[in-house]
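Raw input37.cif, mmCIF, C-alpha atoms:
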data_model
#
loop_
_atom_site.group_PDB
_atom_site.id
_atom_site.type_symbol
_atom_site.label_atom_id
_atom_site.label_comp_id
_atom_site.auth_asym_id
_atom_site.auth_seq_id
_atom_site.Cartn_x
_atom_site.Cartn_y
_atom_site.Cartn_z
ATOM 1 C CA MET A 14 0.000 0.000 0.000
ATOM 2 C CA LEU A 15 1.361 3.367 -0.917
ATOM 3 C CA ASP A 16 1.854 6.146 1.710
ATOM 4 C CA THR A 17 -0.565 8.820 0.868
ATOM 5 C CA LYS A 18 0.855 11.453 3.303
ATOM 6 C CA ASP A 19 2.443 14.537 1.846
ATOM 7 C CA PRO A 20 6.122 15.043 2.898
ATOM 8 C CA ASP A 21 5.711 18.800 2.778
ATOM 9 C CA HIS A 22 2.912 18.693 5.307
ATOM 10 C CA LYS A 23 4.995 16.532 7.593
ATOM 11 C CA GLY A 24 7.768 19.164 7.607
ATOM 12 C CA ASP A 25 5.282 21.924 8.420
ATOM 13 C CA ARG A 26 3.997 19.980 11.367
ATOM 14 C CA ASN A 27 7.507 19.583 12.735
ATOM 15 C CA LYS A 28 8.068 23.293 12.473
ATOM 16 C CA ILE A 29 4.841 23.922 14.328
ATOM 17 C CA TYR A 30 5.876 21.515 17.102
ATOM 18 C CA PHE A 31 9.221 23.248 17.375
ATOM 19 C CA LEU A 32 7.602 26.659 17.574
ATOM 20 C CA ILE A 33 5.239 25.429 20.275
ATOM 21 C CA VAL A 34 8.177 24.138 22.304
ATOM 22 C CA VAL A 35 10.018 27.450 21.888
ATOM 23 C CA ILE A 36 6.938 29.417 22.901
ATOM 24 C CA ILE A 37 6.426 27.219 25.961
ATOM 25 C CA ALA A 38 10.096 27.677 26.889
ATOM 26 C CA LEU A 39 9.832 31.428 26.519
ATOM 27 C CA LEU A 40 6.668 31.498 28.562
ATOM 28 C CA GLY A 41 8.368 29.448 31.261
ATOM 29 C CA THR A 42 11.396 31.751 31.268
ATOM 30 C CA ASN A 43 9.191 34.838 31.431
ATOM 31 C CA ALA A 44 7.185 33.315 34.249
ATOM 32 C CA PHE A 45 10.379 32.466 36.135
ATOM 33 C CA LEU A 46 11.760 35.961 35.660
ATOM 34 C CA PHE A 47 8.419 37.473 36.623
ATOM 35 C CA PHE A 48 8.144 35.519 39.858
ATOM 36 C CA LYS A 49 11.815 36.081 40.623
ATOM 37 C CA ASP A 50 11.441 39.831 40.101
ATOM 38 C CA LYS A 51 8.271 39.850 42.191
ATOM 39 C CA HIS A 52 10.062 37.918 44.931
ATOM 40 C CA GLU A 53 12.964 40.366 44.869
ATOM 41 C CA LYS A 54 10.547 43.306 45.060
ATOM 42 C CA ASP A 55 8.703 41.675 47.949
ATOM 43 C CA ARG A 56 12.017 41.004 49.688
ATOM 44 C CA PHE A 57 13.115 44.625 49.222
ATOM 45 C CA VAL A 58 9.769 45.972 50.434
ATOM 46 C CA THR A 59 9.966 43.722 53.451
ATOM 47 C CA SER A 60 13.534 44.886 54.222
ATOM 48 C CA SER A 61 12.612 48.542 53.737
ATOM 49 C CA THR A 62 9.573 48.181 55.978
ATOM 50 C CA GLU A 63 11.661 46.423 58.625
ATOM 51 C CA ARG A 64 14.280 49.151 58.421
ATOM 52 C CA ASP A 65 11.670 51.892 58.881
ATOM 53 C CA ARG A 66 10.164 49.999 61.812
ATOM 54 C CA LEU A 67 13.571 49.723 63.458
ATOM 55 C CA LYS A 68 14.231 53.424 62.870
ATOM 56 C CA LEU A 69 10.941 54.207 64.586
ATOM 57 C CA GLU A 70 11.868 51.953 67.505
ATOM 58 C CA VAL A 71 15.243 53.679 67.890
ATOM 59 C CA GLU A 72 13.541 57.093 67.866
ATOM 60 C CA LYS A 73 11.079 55.904 70.527
ATOM 61 C CA ILE A 74 13.941 54.667 72.701
ATOM 62 C CA GLU A 75 15.766 57.966 72.251
ATOM 63 C CA VAL A 76 12.653 59.923 73.322
ATOM 64 C CA GLU A 77 12.228 57.677 76.354
ATOM 65 C CA PHE A 78 15.913 58.091 77.176
ATOM 66 C CA ASP A 79 15.552 61.888 76.988
ATOM 67 C CA LYS A 80 12.563 61.770 79.340
ATOM 68 C CA VAL A 81 14.591 59.786 81.867
ATOM 69 C CA ASN A 82 17.419 62.329 81.687
ATOM 70 C CA GLN A 83 14.980 65.186 82.310
ATOM 71 C CA LEU A 84 14.531 63.936 85.882
ATOM 72 C CA ASN A 85 17.564 66.057 86.782
ATOM 73 C CA VAL A 86 19.114 63.391 88.996
ATOM 74 C CA ALA A 87 22.808 63.571 89.869
ATOM 75 C CA LEU A 88 24.334 60.538 88.124
ATOM 76 C CA THR A 89 26.954 58.323 89.667
ATOM 77 C CA GLU A 90 30.186 57.804 87.727
ATOM 78 C CA LYS A 91 28.982 54.353 86.607
ATOM 79 C CA LEU A 92 25.619 55.660 85.403
ATOM 80 C CA GLN A 93 27.311 58.533 83.586
ATOM 81 C CA ARG A 94 29.485 56.066 81.661
ATOM 82 C CA GLU A 95 26.433 53.960 80.796
ATOM 83 C CA HIS A 96 24.587 57.115 79.757
ATOM 84 C CA ASP A 97 27.360 58.066 77.338
ATOM 85 C CA MET A 98 27.522 54.505 75.937
ATOM 86 C CA ALA A 99 23.765 54.456 75.336
ATOM 87 C CA ARG A 100 23.941 57.789 73.525
ATOM 88 C CA ALA A 101 26.703 56.454 71.298
ATOM 89 C CA LYS A 102 24.768 53.233 70.577
ATOM 90 C CA ILE A 103 21.619 55.167 69.635
ATOM 91 C CA ALA A 104 23.631 57.366 67.258
ATOM 92 C CA GLU A 105 25.278 54.276 65.777
ATOM 93 C CA LEU A 106 21.935 52.541 65.142
ATOM 94 C CA LYS A 107 20.402 55.670 63.622
ATOM 95 C CA HIS A 108 23.364 56.027 61.277
ATOM 96 C CA ALA A 109 23.191 52.353 60.226
ATOM 97 C CA LEU A 110 19.459 52.499 59.532
ATOM 98 C CA GLN A 111 19.767 55.664 57.439
ATOM 99 C CA LYS A 112 21.688 53.769 54.738
ATOM 100 C CA GLY A 113 19.837 53.441 51.415
ATOM 101 C CA GLU A 114 20.091 49.667 51.315
ATOM 102 C CA VAL A 115 20.323 47.344 54.270
ATOM 103 C CA THR A 116 21.074 43.667 54.069
ATOM 104 C CA ARG A 117 19.143 41.108 56.061
ATOM 105 C CA GLU A 118 22.268 40.420 58.098
ATOM 106 C CA GLU A 119 22.546 44.126 58.959
ATOM 107 C CA LEU A 120 18.859 44.209 59.863
ATOM 108 C CA ALA A 121 19.315 41.187 62.070
ATOM 109 C CA ASN A 122 22.296 42.824 63.793
ATOM 110 C CA ALA A 123 20.322 46.040 64.231
ATOM 111 C CA GLN A 124 17.416 44.100 65.772
ATOM 112 C CA HIS A 125 19.831 42.389 68.134
ATOM 113 C CA GLU A 126 21.456 45.689 69.161
ATOM 114 C CA LEU A 127 18.034 47.276 69.542
ATOM 115 C CA GLN A 128 16.944 44.536 71.915
ATOM 116 C CA LYS A 129 20.124 45.018 73.972
ATOM 117 C CA LEU A 130 19.426 48.747 74.011
ATOM 118 C CA ARG A 131 15.855 48.179 75.228
ATOM 119 C CA THR A 132 17.159 45.994 78.043
ATOM 120 C CA PHE A 133 19.742 48.611 79.005
ATOM 121 C CA ILE A 134 17.234 51.476 78.938
ATOM 122 C CA GLU A 135 14.891 49.522 81.194
ATOM 123 C CA GLY A 136 17.698 48.943 83.689
ATOM 124 C CA TYR A 137 18.839 52.540 83.356
ATOM 125 C CA LYS A 138 15.302 53.762 84.088
ATOM 126 C CA ASN A 139 15.177 51.566 87.179
ATOM 127 C CA ASP A 140 18.523 52.944 88.404
ATOM 128 C CA ILE A 141 17.447 56.531 87.765
ATOM 129 C CA GLY A 142 14.131 55.875 89.508
ATOM 130 C CA ARG A 143 15.992 54.437 92.496
ATOM 131 C CA LEU A 144 18.284 57.460 92.603
ATOM 132 C CA GLU A 145 15.303 59.787 92.370
ATOM 133 C CA ARG A 146 13.611 58.008 95.277
ATOM 134 C CA GLU A 147 16.819 58.170 97.310
ATOM 135 C CA ASN A 148 17.198 61.868 96.487
ATOM 136 C CA ALA A 149 13.574 62.482 97.471
ATOM 137 C CA ALA A 150 14.153 60.645 100.755
ATOM 138 C CA LEU A 151 17.316 62.649 101.389
ATOM 139 C CA LYS A 152 15.474 65.885 100.547
ATOM 140 C CA THR A 153 12.722 64.934 102.982
ATOM 141 C CA GLN A 154 15.315 64.227 105.649
ATOM 142 C CA ARG A 155 17.089 67.483 104.878
ATOM 143 C CA ASP A 156 13.832 69.450 105.023
ATOM 144 C CA SER A 157 12.963 67.714 108.270
ATOM 145 C CA LEU A 158 16.379 68.563 109.699
ATOM 146 C CA GLU A 159 16.091 72.157 108.501
ATOM 147 C CA LYS A 160 12.656 72.376 110.078
ATOM 148 C CA SER A 161 14.020 70.895 113.298
ATOM 149 C CA VAL A 162 16.922 73.342 113.243
ATOM 150 C CA LEU A 163 14.533 76.232 112.653
ATOM 151 C CA THR A 164 12.293 74.981 115.461
ATOM 152 C CA VAL A 165 15.227 74.614 117.826
ATOM 153 C CA SER A 166 16.569 77.996 116.732
ATOM 154 C CA ALA A 167 13.157 79.588 117.297
ATOM 155 C CA LYS A 168 12.879 77.942 120.717
ATOM 156 C CA ALA A 169 16.410 79.075 121.578
ATOM 157 C CA HIS A 170 15.573 82.597 120.410
ATOM 158 C CA ASN A 171 12.366 82.620 122.450
ATOM 159 C CA LEU A 172 14.212 81.233 125.455
ATOM 160 C CA GLU A 173 16.927 83.835 125.044
ATOM 161 C CA LYS A 174 14.268 86.523 124.755
ATOM 162 C CA LYS A 175 12.482 85.248 127.861
ATOM 163 C CA ASN A 176 15.789 85.031 129.729
ATOM 164 C CA SER A 177 16.600 88.557 128.648
ATOM 165 C CA GLU A 178 13.161 89.746 129.735
ATOM 166 C CA LEU A 179 13.503 87.877 133.005
ATOM 167 C CA SER A 180 16.978 89.308 133.524
ATOM 168 C CA GLU A 181 15.613 92.760 132.808
ATOM 169 C CA LYS A 182 12.805 92.199 135.298
ATOM 170 C CA VAL A 183 15.272 90.993 137.900
ATOM 171 C CA LYS A 184 17.484 94.022 137.278
ATOM 172 C CA SER A 185 14.474 96.308 137.424
ATOM 173 C CA SER A 186 13.239 94.638 140.583
ATOM 174 C CA ALA A 187 16.689 94.964 142.153
ATOM 175 C CA ALA A 188 17.006 98.658 141.247
ATOM 176 C CA LEU A 189 16.735 101.231 144.027
ATOM 177 C CA LYS A 190 13.490 103.218 144.095
ATOM 178 C CA ALA A 191 13.042 106.482 145.991
ATOM 179 C CA TYR A 192 10.056 107.732 147.951
ATOM 180 C CA ASN A 193 9.303 110.804 150.016
ATOM 181 C CA GLU A 194 11.318 112.916 147.539
ATOM 182 C CA ARG A 195 11.603 116.602 148.458
ATOM 183 C CA LEU A 196 13.368 119.407 146.550
ATOM 184 C CA ILE A 197 14.275 122.554 148.563
ATOM 185 C CA ALA A 198 16.102 125.736 147.512
ATOM 186 C CA TYR A 199 18.704 127.261 149.781
ATOM 187 C CA ARG A 200 20.907 130.264 150.094
ATOM 188 C CA VAL A 201 24.254 129.788 151.752
ATOM 189 C CA LYS A 202 25.437 132.065 154.548
ATOM 190 C CA ASN A 203 29.072 133.078 154.889
ATOM 191 C CA SER A 204 29.305 130.616 157.709
ATOM 192 C CA GLY A 205 28.292 127.873 155.267
ATOM 193 C CA LYS A 206 24.892 127.353 156.855
ATOM 194 C CA ASN A 207 22.010 126.602 154.460
ATOM 195 C CA ILE A 208 18.916 128.819 154.724
ATOM 196 C CA GLU A 209 15.742 127.658 152.955
ATOM 197 C CA VAL A 210 14.349 130.196 150.491
ATOM 198 C CA ASN A 211 11.585 130.376 147.905
ATOM 199 C CA LYS A 212 12.908 133.237 145.796
ATOM 200 C CA ALA A 213 15.052 132.754 142.710
ATOM 201 C CA SER A 214 17.078 135.873 143.460
ATOM 202 C CA THR A 215 18.371 134.526 146.771
ATOM 203 C CA ALA A 216 18.624 130.811 145.932
ATOM 204 C CA ARG A 217 22.103 129.379 145.533
ATOM 205 C CA LYS A 218 21.582 125.649 145.470
ATOM 206 C CA LEU A 219 19.035 122.845 145.513
ATOM 207 C CA ILE A 220 19.037 119.915 147.900
ATOM 208 C CA THR A 221 17.124 116.732 147.057
ATOM 209 C CA TYR A 222 16.028 114.674 150.049
ATOM 210 C CA PHE A 223 14.811 111.130 149.546
ATOM 211 C CA ASP A 224 14.310 107.781 151.200
ATOM 212 C CA ILE A 225 14.739 104.411 149.531
ATOM 213 C CA ILE A 226 12.023 101.779 149.406
ATOM 214 C CA PRO A 227 13.196 98.634 151.227
ATOM 215 C CA ASN A 228 14.228 96.047 148.659
ATOM 216 C CA GLN A 229 15.506 92.585 149.520
ATOM 217 C CA LEU A 230 16.651 92.082 145.918
ATOM 218 C CA ALA A 231 18.794 95.211 145.864
ATOM 219 C CA ALA A 232 22.492 94.621 146.421
ATOM 220 C CA LYS A 233 23.720 95.811 149.802
ATOM 221 C CA ASP A 234 26.592 97.671 148.258
ATOM 222 C CA TYR A 235 27.659 101.041 146.892
ATOM 223 C CA HIS A 236 25.257 102.528 144.350
ATOM 224 C CA LYS A 237 25.652 105.572 142.151
ATOM 225 C CA ILE A 238 22.777 108.049 142.203
ATOM 226 C CA TYR A 239 22.533 110.397 139.194
ATOM 227 C CA LEU A 240 20.703 113.750 139.253
ATOM 228 C CA ARG A 241 19.279 115.639 136.290
ATOM 229 C CA VAL A 242 18.093 119.202 136.877
ATOM 230 C CA PHE A 243 15.716 121.078 134.536
ATOM 231 C CA ASP A 244 15.146 124.854 134.690
ATOM 232 C CA PRO A 245 11.690 126.483 134.315
ATOM 233 C CA SER A 246 12.144 126.502 130.510
ATOM 234 C CA GLY A 247 12.677 122.741 130.520
ATOM 235 C CA ASN A 248 16.375 122.982 129.690
ATOM 236 C CA LEU A 249 18.746 120.497 131.255
ATOM 237 C CA VAL A 250 21.422 122.157 133.363
ATOM 238 C CA ALA A 251 24.412 119.832 133.004
ATOM 239 C CA ASP A 252 27.977 119.484 131.823
ATOM 240 C CA GLU A 253 28.060 117.833 128.406
ATOM 241 C CA LYS A 254 30.998 115.709 129.545
ATOM 242 C CA ASN A 255 28.984 114.057 132.293
ATOM 243 C CA MET A 256 27.351 111.025 130.653
ATOM 244 C CA PHE A 257 25.610 107.917 131.981
ATOM 245 C CA GLU A 258 23.179 105.296 130.727
ATOM 246 C CA ALA A 259 19.647 104.795 131.975
ATOM 247 C CA ASP A 260 16.318 103.617 130.567
ATOM 248 C CA GLY A 261 18.140 102.187 127.553
ATOM 249 C CA GLN A 262 19.846 105.385 126.408
ATOM 250 C CA GLU A 263 22.833 107.585 127.088
ATOM 251 C CA MET A 264 22.163 110.956 128.695
ATOM 252 C CA GLN A 265 23.836 113.829 130.534
ATOM 253 C CA TYR A 266 23.624 114.274 134.277
ATOM 254 C CA SER A 267 23.838 117.381 136.457
ATOM 255 C CA ASP A 268 25.442 115.732 139.485
ATOM 256 C CA MET A 269 26.173 112.319 140.968
ATOM 257 C CA ILE A 270 26.794 110.814 144.392
ATOM 258 C CA THR A 271 27.681 107.321 145.619
ATOM 259 C CA ILE A 272 25.745 105.910 148.545
ATOM 260 C CA SER A 273 26.214 102.819 150.665
ATOM 261 C CA TYR A 274 22.926 100.968 150.615
ATOM 262 C CA LYS A 275 22.206 98.616 153.527
ATOM 263 C CA ASN A 276 18.406 98.346 153.308
ATOM 264 C CA ASP A 277 18.149 99.968 156.733
ATOM 265 C CA ASN A 278 15.737 102.886 156.138
ATOM 266 C CA THR A 279 18.575 105.415 155.839
ATOM 267 C CA SER A 280 17.569 108.837 154.429
ATOM 268 C CA TYR A 281 19.746 110.488 151.801
ATOM 269 C CA GLN A 282 20.313 113.924 150.285
ATOM 270 C CA LEU A 283 21.999 115.231 147.155
ATOM 271 C CA ASP A 284 23.251 118.825 147.035
ATOM 272 C CA TRP A 285 23.438 120.657 143.700
ATOM 273 C CA VAL A 286 24.915 124.132 143.288
ATOM 274 C CA ASN A 287 23.579 125.967 140.260
ATOM 275 C CA PRO A 288 26.448 127.193 138.055
ATOM 276 C CA GLN A 289 24.064 129.851 136.743
ATOM 277 C CA PRO A 290 21.720 132.329 138.497
ATOM 278 C CA PHE A 291 18.322 130.872 139.338
ATOM 279 C CA ILE A 292 15.317 132.229 137.450
ATOM 280 C CA LYS A 293 11.708 132.435 138.467
ATOM 281 C CA GLY A 294 9.645 129.364 137.838
ATOM 282 C CA THR A 295 9.571 125.674 138.662
ATOM 283 C CA TYR A 296 12.761 123.623 138.840
ATOM 284 C CA SER A 297 12.407 119.876 138.537
ATOM 285 C CA ILE A 298 14.781 117.000 139.101
ATOM 286 C CA ILE A 299 14.907 113.320 138.154
ATOM 287 C CA LEU A 300 16.933 110.766 140.097
ATOM 288 C CA TYR A 301 18.397 107.623 138.496
ATOM 289 C CA ALA A 302 19.956 104.491 139.981
ATOM 290 C CA ASN A 303 21.010 101.130 138.530
ATOM 291 C CA GLY A 304 20.065 102.254 135.007
ATOM 292 C CA TYR A 305 16.440 103.094 135.865
ATOM 293 C CA THR A 306 14.469 106.158 136.932
ATOM 294 C CA MET A 307 14.571 106.340 140.714
ATOM 295 C CA GLY A 308 12.345 109.294 141.621
ATOM 296 C CA LYS A 309 11.228 112.840 140.793
ATOM 297 C CA ALA A 310 10.674 116.138 142.628
ATOM 298 C CA SER A 311 10.179 119.862 141.919
ATOM 299 C CA VAL A 312 10.226 123.275 143.596
ATOM 300 C CA GLU A 313 8.767 126.618 142.538
ATOM 301 C CA LEU A 314 10.836 129.781 142.956
ATOM 302 C CA LYS A 315 9.251 133.204 142.945
#
Serialized structure, structure tokens:
Amino acid sequence: MLDTKDPDHKGDRNKIYFLIVVIIALLGTNAFLFFKDKHEKDRFVTSSTERDRLKLEVEKIEVEFDKVNQLNVALTEKLQREHDMARAKIAELKHALQKGEVTREELANAQHELQKLRTFIEGYKNDIGRLERENAALKTQRDSLEKSVLTVSAKAHNLEKKNSELSEKVKSSAALKAYNERLIAYRVKNSGKNIEVNKASTARKLITYFDIIPNQLAAKDYHKIYLRVFDPSGNLVADEKNMFEADGQEMQYSDMITISYKNDNTSYQLDWVNPQPFIKGTYSIILYANGYTMGKASVELK
């Protein structure tokens, strides 16, 4: 039997088969390249996203670190070193993550360093918190001590004030006080005898007579008695060199005597000769002893 197939058609079919195989191969290659390119893009997107996430984490840690440092706590030498190391590590991570392309190995290293940094920051926060609590406790103790010192100082001041007041009262209570004061004007005869007068033209001196109130607190000793004389115009008649202190101030005195006080009802007198002529009007005197006013008297001269 003769073969009825056409050789030319058989060659065409072979060409078609070959073309089909080539097309399938091309399609397979394109598909492989497509999926490979897609995989590479996905891998790059994933790396980029991971890098951005790590950058955000580093920034969060840096913000948290800044907040901790705002506590204004005095750092120990060890904490200061750790503080400086953490700052350097944060800067290092930020610089690494700012690179345009990051390998997976670099990302893995960055993640590892970031985890170490988180652990350190947590410990650092705990140390700073502990220091802050200790500082607060010390401040409370200091404030308490300052308050105690102020309280003690105030009590000491009050006690000193009371002691001073008590001392002043004791001094005042121990001061000599006069009673039965009398002021009399006299003229002096050639014989030296005193004649009482009531006229300014004949008066030569004033004599102050006084008794002293019995006082068990007063020292049985010598006491200075100061006299201040005022003329009818209210002017003090005294030598400016004669000074003493009484009633908390310095003042001039007209005359002074020293008496021996024995708390025995002794009467005393103080003679004062006017260095100037007497004038009409009322002369007054004030006696002082032990730094306090002792007594007063006056006399009117015609």
Picked residues, the PyMOL selection byres ((chain A and resi 216) around 6), expected as a VMD selection string: chain A and resid 198 to 200 213 to 215 217 to 218
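Take atom CA of A:Pro290 and atom CA of A:Tyr239: the distance between them is 22.0 Å.
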One-decimal distance in Å that lies between atom CA of A:Lys275 and atom CA of A:Thr221: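 Between atom CA of A:Thr221 and atom CA of A:Lys275 the gap works out to 19.9 Å.
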Long-range neighbours of A:Asn228 as a list in words, 10 Å cut-off, only C-alpha atoms, 5 positions minimum in chain: Ser186, Ala187, Ala188, Leu189, Lys190, Lys233, Lys275, Asn276 and Asp277 of chain A
Within 10 Å of file point (19.5, 103.6, 136.2), counting all atoms listed in the file, expressed as number ranges by chain: A: 184-185, 188-190, 237-239, 257-262, 300-307
Selected residue, from A:Ile298, A:Ala104, A:Leu230, A:Leu151, that lies nearest to A:Phe243 when counting all atoms listed in the file: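 Going through A:Ile298, A:Ala104, A:Leu230, A:Leu151 one by one, the smallest distance to A:Phe243 is for A:Ile298.
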Selected residue of minimal separation from A:Trp285 among A:Lys212, A:Arg146, A:Arg131, A:Arg241, counting all atoms listed in the file: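 Selected residue with least distance to A:Trp285: A:Arg241.
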For atom CA of A:Val201 and atom CA of A:Gln289, the interatomic separation in Å (one decimal):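 One can read the atom CA of A:Val201 to atom CA of A:Gln289 distance as 15.0 Å.
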Nearest residue to A:Met269 from the set A:Arg143, A:Leu240, A:Asn176, A:Asp252 (distances using all atoms listed in the file): A:Leu240
